[in-house]
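Engineer: What follows is entry09.txt, compact mmCIF, C-alpha atoms and all ligand atoms.
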# COMPACT_ATOMS: atom_id res chain seq x y z
CA MET D 5 21.24 6.46 0.41
CA ARG D 6 23.18 3.71 2.05
CA PHE D 7 22.02 0.96 4.40
CA ASP D 8 24.45 -1.21 6.34
CA LEU D 9 22.71 -4.26 7.79
CA VAL D 10 24.38 -6.25 10.55
CA THR D 11 22.96 -9.76 10.93
CA VAL D 12 23.71 -13.36 11.83
CA LEU D 13 21.64 -14.42 8.80
CA PRO D 14 22.69 -12.39 5.74
CA GLU D 15 21.12 -15.06 3.50
CA LEU D 16 17.69 -14.08 4.79
CA LEU D 17 18.18 -10.51 3.59
CA GLU D 18 19.63 -11.16 0.16
CA SER D 19 16.62 -12.19 -1.86
CA PRO D 20 14.04 -9.63 -0.66
CA LEU D 21 16.38 -6.77 -1.49
CA ASN D 22 17.51 -8.02 -4.90
CA HIS D 23 14.34 -7.73 -6.94
CA SER D 24 11.87 -5.33 -8.41
CA ILE D 25 11.95 -1.79 -7.06
CA MET D 26 14.85 -2.41 -4.66
CA GLN D 27 16.99 -3.77 -7.48
CA ARG D 28 16.05 -0.84 -9.69
CA ALA D 29 16.97 1.61 -6.92
CA LYS D 30 20.38 -0.03 -6.66
CA ASP D 31 20.84 -0.17 -10.45
CA ARG D 32 20.13 3.55 -10.61
CA GLY D 33 22.75 4.22 -7.95
CA LEU D 34 20.15 5.66 -5.59
CA LEU D 35 20.36 2.91 -2.99
CA GLU D 36 23.24 0.86 -1.61
CA VAL D 37 22.67 -2.07 0.73
CA HIS D 38 25.66 -3.67 2.44
CA LEU D 39 25.27 -6.86 4.48
CA HIS D 40 27.63 -7.63 7.34
CA ASN D 41 27.77 -11.08 8.87
CA LEU D 42 28.05 -10.68 12.62
CA ARG D 43 29.62 -14.11 12.88
CA ASP D 44 32.74 -12.72 11.18
CA TYR D 45 33.25 -10.72 14.36
CA GLY D 46 32.72 -13.65 16.76
CA ALA D 47 35.59 -14.94 18.90
CA GLY D 48 37.18 -18.38 18.98
CA LYS D 49 37.00 -21.39 16.76
CA HIS D 50 33.19 -21.31 16.76
CA LYS D 51 32.87 -17.58 16.11
CA GLN D 52 30.47 -17.44 19.02
CA VAL D 53 27.96 -14.60 18.89
CA ASP D 54 25.43 -15.64 21.55
CA ASP D 55 25.49 -16.88 25.14
CA TYR D 56 23.21 -17.85 28.03
CA ALA D 57 21.24 -15.11 29.78
CA PHE D 58 22.46 -14.01 33.19
CA GLY D 59 19.77 -14.86 35.71
CA GLY D 60 18.71 -17.90 33.73
CA GLY D 61 15.68 -18.54 31.57
CA ALA D 62 15.21 -19.95 28.10
CA GLY D 63 16.81 -18.41 25.05
CA MET D 64 20.21 -17.10 24.11
CA VAL D 65 21.34 -13.48 24.17
CA MET D 66 23.58 -11.88 21.56
CA LYS D 67 26.97 -11.12 23.11
CA PRO D 68 28.16 -7.51 23.25
CA GLU D 69 31.75 -7.93 21.97
CA PRO D 70 31.11 -9.07 18.38
CA ILE D 71 28.40 -6.44 17.94
CA ALA D 72 30.64 -3.70 19.32
CA ALA D 73 33.52 -4.79 17.06
CA CYS D 74 31.31 -4.72 13.98
CA LEU D 75 29.54 -1.45 14.78
CA GLU D 76 32.78 0.30 15.74
CA GLN D 77 34.39 -0.72 12.48
CA LEU D 78 31.45 0.69 10.50
CA LEU D 79 31.16 3.83 12.63
CA GLY D 80 34.85 4.45 11.96
CA GLU D 81 34.26 4.36 8.22
CA ARG D 82 31.47 6.92 7.92
CA GLN D 83 28.99 9.05 9.82
CA TYR D 84 25.59 7.38 10.32
CA ASP D 85 22.38 9.36 10.67
CA GLU D 86 20.81 6.56 12.70
CA VAL D 87 21.90 3.32 14.32
CA ILE D 88 18.72 1.27 14.36
CA TYR D 89 17.99 -1.93 16.25
CA THR D 90 15.06 -4.05 15.04
CA THR D 91 13.17 -5.35 18.04
CA PRO D 92 9.55 -6.10 18.98
CA ASP D 93 9.79 -3.59 21.86
CA GLY D 94 10.77 -0.73 19.55
CA VAL D 95 8.69 2.13 18.14
CA VAL D 96 6.16 0.72 15.67
CA LEU D 97 7.13 1.67 12.11
CA ASN D 98 4.65 3.81 10.19
CA GLN D 99 4.66 5.81 6.96
CA GLY D 100 5.59 9.04 8.74
CA LEU D 101 8.72 7.43 10.15
CA CYS D 102 9.56 5.99 6.71
CA ASN D 103 9.20 9.43 5.13
CA GLN D 104 11.57 10.93 7.70
CA MET D 105 14.12 8.19 7.19
CA SER D 106 14.03 8.52 3.41
CA LEU D 107 15.73 11.92 3.86
CA LYS D 108 18.81 10.37 5.54
CA GLU D 109 22.12 9.47 3.91
CA ASN D 110 23.53 6.57 5.94
CA ILE D 111 21.56 4.19 8.10
CA LEU D 112 23.05 1.35 10.12
CA VAL D 113 20.68 -1.44 11.13
CA LEU D 114 21.45 -4.12 13.70
CA CYS D 115 19.08 -7.07 13.35
CA GLY D 116 17.96 -8.59 16.62
CA HIS D 117 17.98 -12.36 17.04
CA TYR D 118 17.48 -15.03 19.73
CA LYS D 119 16.21 -13.47 22.97
CA GLY D 120 17.70 -10.14 22.00
CA ILE D 121 20.99 -8.32 22.42
CA ASP D 122 22.82 -7.44 25.61
CA GLU D 123 21.12 -4.31 26.96
CA ARG D 124 24.45 -2.46 27.21
CA ILE D 125 24.77 -2.47 23.42
CA ARG D 126 21.44 -0.71 23.18
CA GLU D 127 22.56 1.92 25.67
CA THR D 128 25.92 2.41 23.98
CA PHE D 129 25.19 2.45 20.24
CA ILE D 130 21.52 2.45 19.35
CA THR D 131 19.77 5.72 18.40
CA LEU D 132 16.43 4.26 17.29
CA GLU D 133 14.62 1.00 18.04
CA ILE D 134 12.05 -0.16 15.53
CA SER D 135 9.34 -2.82 15.52
CA ILE D 136 7.23 -3.54 12.45
CA GLY D 137 4.07 -4.48 14.33
CA ASP D 138 2.53 -6.23 17.28
CA TYR D 139 3.48 -9.81 16.51
CA VAL D 140 6.67 -11.81 16.96
CA LEU D 141 9.14 -12.62 14.17
CA SER D 142 11.87 -15.23 14.62
CA GLY D 143 14.41 -12.49 14.05
CA GLY D 144 14.85 -8.87 13.12
CA GLU D 145 16.02 -9.62 9.56
CA LEU D 146 12.58 -9.54 7.96
CA ALA D 147 11.87 -6.32 9.85
CA ALA D 148 15.11 -4.83 8.46
CA ALA D 149 14.08 -5.89 4.94
CA VAL D 150 10.72 -4.16 5.47
CA LEU D 151 12.54 -1.05 6.62
CA VAL D 152 14.86 -0.92 3.59
CA ASP D 153 11.94 -1.53 1.23
CA THR D 154 9.56 1.03 2.73
CA VAL D 155 12.26 3.69 3.01
CA GLY D 156 14.14 2.84 -0.20
CA ARG D 157 11.13 3.24 -2.45
CA LEU D 158 10.63 6.79 -1.15
CA ILE D 159 14.04 7.99 -2.37
CA PRO D 160 13.37 10.48 -5.19
CA GLY D 161 13.90 8.79 -8.56
CA VAL D 162 13.28 5.24 -7.35
CA LEU D 163 9.65 5.00 -8.36
CA ASN D 164 9.04 5.45 -12.06
CA ASP D 165 5.95 7.60 -11.71
CA GLU D 166 7.06 10.12 -9.12
CA THR D 167 3.50 10.77 -8.11
CA SER D 168 2.64 7.18 -7.37
CA ALA D 169 4.00 7.16 -3.81
CA LEU D 170 1.82 10.17 -3.09
CA PHE D 171 -1.26 8.04 -3.57
CA ASP D 172 -0.17 5.04 -1.54
CA SER D 173 -2.31 3.92 1.31
CA PHE D 174 -1.21 5.82 4.45
CA GLN D 175 0.67 8.55 2.59
CA ASP D 176 -2.15 10.96 3.46
CA ASP D 177 -3.51 8.87 6.34
CA LEU D 178 -6.12 7.24 4.10
CA LEU D 179 -6.23 3.78 2.54
CA ALA D 180 -5.86 3.62 -1.24
CA PRO D 181 -9.00 3.29 -3.42
CA PRO D 182 -9.78 0.11 -5.39
CA VAL D 183 -8.10 -0.25 -8.80
CA TYR D 184 -9.13 -2.03 -12.00
CA THR D 185 -7.52 -3.01 -15.30
CA ARG D 186 -8.68 -4.64 -18.53
CA PRO D 187 -11.02 -6.29 -19.39
CA ALA D 188 -13.76 -3.75 -18.69
CA VAL D 189 -16.15 -6.62 -17.98
CA TRP D 190 -14.84 -9.77 -16.33
CA ARG D 191 -17.17 -12.65 -15.34
CA ASN D 192 -20.11 -10.33 -15.69
CA LEU D 193 -18.46 -7.86 -13.31
CA PRO D 194 -18.11 -4.41 -14.87
CA VAL D 195 -15.49 -1.83 -13.91
CA PRO D 196 -17.13 1.24 -12.27
CA GLU D 197 -18.31 3.39 -15.15
CA VAL D 198 -16.74 6.60 -13.93
CA LEU D 199 -13.27 5.09 -14.50
CA LEU D 200 -14.07 4.71 -18.21
CA SER D 201 -15.53 8.23 -18.50
CA GLY D 202 -12.28 10.01 -19.30
CA ASN D 203 -13.39 12.78 -16.94
CA ASP D 204 -10.35 13.28 -14.71
CA LYS D 205 -12.10 15.48 -12.15
CA MET D 206 -14.88 12.92 -11.67
CA ILE D 207 -12.33 10.10 -11.44
CA GLN D 208 -10.27 11.88 -8.78
CA ASP D 209 -13.43 12.68 -6.79
CA TRP D 210 -14.57 9.06 -7.02
CA ARG D 211 -11.19 7.81 -5.85
CA HIS D 212 -11.14 10.18 -2.91
CA GLU D 213 -14.67 9.13 -1.96
CA LYS D 214 -13.70 5.43 -2.11
CA SER D 215 -10.58 6.12 -0.03
CA LEU D 216 -12.70 7.78 2.64
CA GLU D 217 -15.28 5.00 2.56
CA ARG D 218 -12.70 2.25 2.76
CA THR D 219 -10.78 3.93 5.55
CA ARG D 220 -13.95 4.58 7.57
CA GLU D 221 -15.02 0.94 7.24
CA ARG D 222 -11.66 -0.79 7.71
CA ARG D 223 -9.59 1.59 9.80
CA PRO D 224 -11.79 3.78 11.98
CA ASP D 225 -8.62 4.77 13.88
CA LEU D 226 -7.06 6.31 10.74
CA TYR D 227 -10.36 7.80 9.67
CA GLY D 228 -10.77 9.59 12.99
CA LYS D 229 -7.26 11.00 12.70
CA PHE D 230 -7.88 12.17 9.13
CA MET D 231 -11.12 13.88 10.15
CA GLY D 232 -9.23 15.62 12.96
CA GLU D 233 -11.04 13.80 15.76
CL1 LIG L 1 11.83 -5.75 14.66
N1 LIG L 1 11.76 -8.21 15.54
C1 LIG L 1 11.11 -9.32 15.92
N2 LIG L 1 11.82 -10.37 16.33
N3 LIG L 1 9.80 -9.43 15.95
C2 LIG L 1 9.11 -8.36 15.53
C3 LIG L 1 9.71 -7.18 15.11
C4 LIG L 1 11.07 -7.13 15.13
N4 LIG L 1 8.76 -6.30 14.77
C5 LIG L 1 7.62 -6.94 14.97
N5 LIG L 1 7.81 -8.17 15.43
Show me the file's structure as structure tokens.
Ligand code: 6GU
Structural biologist:
Amino acid sequence: MRFDLVTVLPELLESPLNHSIMQRAKDRGLLEVHLHNLRDYGAGKHKQVDDYAFGGGAGMVMKPEPIAACLEQLLGERQYDEVIYTTPDGVVLNQGLCNQMSLKENILVLCGHYKGIDERIRETFITLEISIGDYVLSGGELAAAVLVDTVGRLIPGVLNDETSALFDSFQDDLLAPPVYTRPAVWRNLPVPEVLLSGNDKMIQDWRHEKSLERTRERRPDLYGKFMGE
């Protein structure tokens, strides 16, 4: 799977995608991430990529021409399954959307910045607009990093234990159960006995019970959905 990320701040995207599972995915040839600096497509001595908003108001708007030049170059090189724009007014990302995207081959992501991009770019190129939650980031770069991480780890072969993604929080609309490691007693706090029992059926039942309990307490919205309410 290949991601092309278009941004005015490529530096912001380098580190989060160069470690741990993302690095392993790339090392295994399962994931490619290409960063494109929008400023390279800006015009004039200053490589200008933003301008004042028509109608006034605070904040700059990303100009259409550099974005169009960059996207058209990329679109001429390969077929993209989606052209995504990261923006707080997009569809809120969830695990279902990540699962769907993990089946794609080529994804192009345009990172929003400043007050946003000229609306005509959205109308002309964008197939999917994504937000990562109801709060405001300074730019779409961190949202794009979240997208690559959440989707990239779902590519078959990326996670070492293929089953582990199946038990993530949200994968079946429930939060994950608590986990423990050695020592079995720490500061007088013992690990739940069932986990030391070696009885796999009892352990799985306990985990499911804890998932339900935790979801009911912390996320009644998810719990209701899981129970078919
Ligand atoms: Cl995609 N961009 C920005 N700027 N803020 C956000 C967001 C995206 N998703 C949530 N907040």
Engineer: Kindly compile the residues surrounding ligand LIG 1 (chain L) within 8 Å, counting all atoms listed in the file, and format them as a tab-separated table (two decimals) with C-alpha atoms, keeping the file's coordinate frame.
Structural biologist:
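To be explicit, this is the file written out as pocket-v7.tsv:
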chain	number	residue	atom	x	y	z
D	89	TYR	CA	17.99	-1.93	16.25
D	90	THR	CA	15.06	-4.05	15.04
D	91	THR	CA	13.17	-5.35	18.04
D	92	PRO	CA	9.55	-6.10	18.98
D	93	ASP	CA	9.79	-3.59	21.86
D	94	GLY	CA	10.77	-0.73	19.55
D	96	VAL	CA	6.16	0.72	15.67
D	115	CYS	CA	19.08	-7.07	13.35
D	116	GLY	CA	17.96	-8.59	16.62
D	117	HIS	CA	17.98	-12.36	17.04
D	134	ILE	CA	12.05	-0.16	15.53
D	135	SER	CA	9.34	-2.82	15.52
D	136	ILE	CA	7.23	-3.54	12.45
D	137	GLY	CA	4.07	-4.48	14.33
D	138	ASP	CA	2.53	-6.23	17.28
D	139	TYR	CA	3.48	-9.81	16.51
D	140	VAL	CA	6.67	-11.81	16.96
D	141	LEU	CA	9.14	-12.62	14.17
D	142	SER	CA	11.87	-15.23	14.62
D	143	GLY	CA	14.41	-12.49	14.05
D	144	GLY	CA	14.85	-8.87	13.12
D	145	GLU	CA	16.02	-9.62	9.56
D	146	LEU	CA	12.58	-9.54	7.96
D	147	ALA	CA	11.87	-6.32	9.85
D	148	ALA	CA	15.11	-4.83	8.46
Engineer: Between CA of Val95 in chain D and CA of Lys108 in chain D, what is the spacing in Å?
Structural biologist: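 Rounded to one decimal, the two atoms are 18.1 Å apart.
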Engineer: Enter the distance from CA of Asp31 in chain D to CA of Asp44 in chain D, in Å, rounded to one decimal.
Structural biologist: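 Here the two named atoms are 27.7 Å from each other.
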Engineer: Give me, please, the distance in Å between CA of Arg43 in chain D and CA of Thr154 in chain D, quoted to one decimal.
Structural biologist: 27.1 Å
Engineer: Produce a table with one row for each residue of range 99-215 of chain D that has an atom at most 9 Å from any atom of range 57-63 of chain D, each row naming the nearest atom pair and its distance in Å at one decimal; use only C-alpha atoms; arrange rows by chain and rising residue number; format as a Markdown table.
Structural biologist:
| residue | atom | partner | partner_atom | distance |
| --- | --- | --- | --- | --- |
| D:Tyr118 | CA | D:Gly63 | CA | 6.3 |
| D:Lys119 | CA | D:Gly63 | CA | 5.4 |
| D:Gly120 | CA | D:Gly63 | CA | 8.9 |
| D:Asp122 | CA | D:Ala57 | CA | 8.9 |
Engineer: May I have the residues from that selection written out with C-alpha atoms, as a PDB file, keeping the file's coordinate frame?
Structural biologist:
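So part_17.pdb came out as:
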ATOM      1  CA  TYR D 118      17.480 -15.030  19.730  1.00  0.00           C
ATOM      2  CA  LYS D 119      16.210 -13.470  22.970  1.00  0.00           C
ATOM      3  CA  GLY D 120      17.700 -10.140  22.000  1.00  0.00           C
ATOM      4  CA  ASP D 122      22.820  -7.440  25.610  1.00  0.00           C
TER       5      ASP D 122
END
Engineer: Using only C-alpha atoms, which residue out of D:Leu21, D:Leu97, D:Leu178, D:Met64 lies closest to Glu213 in chain D?
Structural biologist: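 Ranked by minimum distance to Glu213 in chain D, first place goes to D:Leu178.
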Engineer: Calculated over all atoms listed in the file, which of the candidates D:Ile111, D:Gly202, D:Leu151, D:Leu79 has the smallest distance to Asn98 in chain D?
Structural biologist: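 Between D:Ile111, D:Gly202, D:Leu151, D:Leu79, the residue approaching Asn98 in chain D most closely is D:Leu151.
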Engineer: Between D:Cys102, D:His50, D:His23, D:Arg124, which residue has the minimum interatomic distance to Ala72 in chain D, considering all atoms listed in the file?
Structural biologist: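 Closest to Ala72 in chain D, using all atoms listed in the file: D:Arg124.
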Engineer: Identify which of the residues D:Trp210, D:Tyr84, D:Trp190, D:Phe174 lies closest to Arg6 in chain D, counting all atoms listed in the file when measuring atom-to-atom distances.
Structural biologist: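 Among the listed residues, the smallest separation from Arg6 in chain D belongs to D:Tyr84.
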Engineer: Under the rule that all atoms listed in the file are counted, which of D:Glu221, D:Asp153, D:Glu69, D:Asp8 is the nearest residue to Met26 in chain D?
Structural biologist: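 Of all the options, D:Asp153 lies closest to Met26 in chain D.
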Engineer: Excluding Leu42 in chain D and its own-chain neighbours fewer than 6 positions away, which residues fall within 8 Å of it when counting only C-alpha atoms? Please give them as a count of residues only.
Structural biologist: 7
Engineer: Please provide as a ChimeraX atom specification all residues within 8 Å of Glu86 in chain D, with the sequence filter that same-chain residues fewer than 2 positions apart are discarded (counting only C-alpha atoms).
Structural biologist: /D:84,88,110-112,130-132
Engineer: Report, as AutoDock Vina command-line options, the centre and edge lengths in Å (one decimal) of the axis-aligned box enclosing every listed atom of range 133-141 of chain D, padded by 5 Å on each side.
Structural biologist:
--center_x 8.6 --center_y -5.8 --center_z 15.2 --size_x 22.1 --size_y 23.6 --size_z 15.6
Engineer: Leu107 in chain D: which residues within 12 Å, counting only C-alpha atoms, same-chain residues fewer than 5 positions away excluded, as a list in words?
Structural biologist: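 What passes the distance filter is Met5, Arg6, Asp85, Glu86, Gly100, Leu101, Cys102, Val155, Gly156, Arg157, Leu158, Ile159 and Pro160 of chain D.
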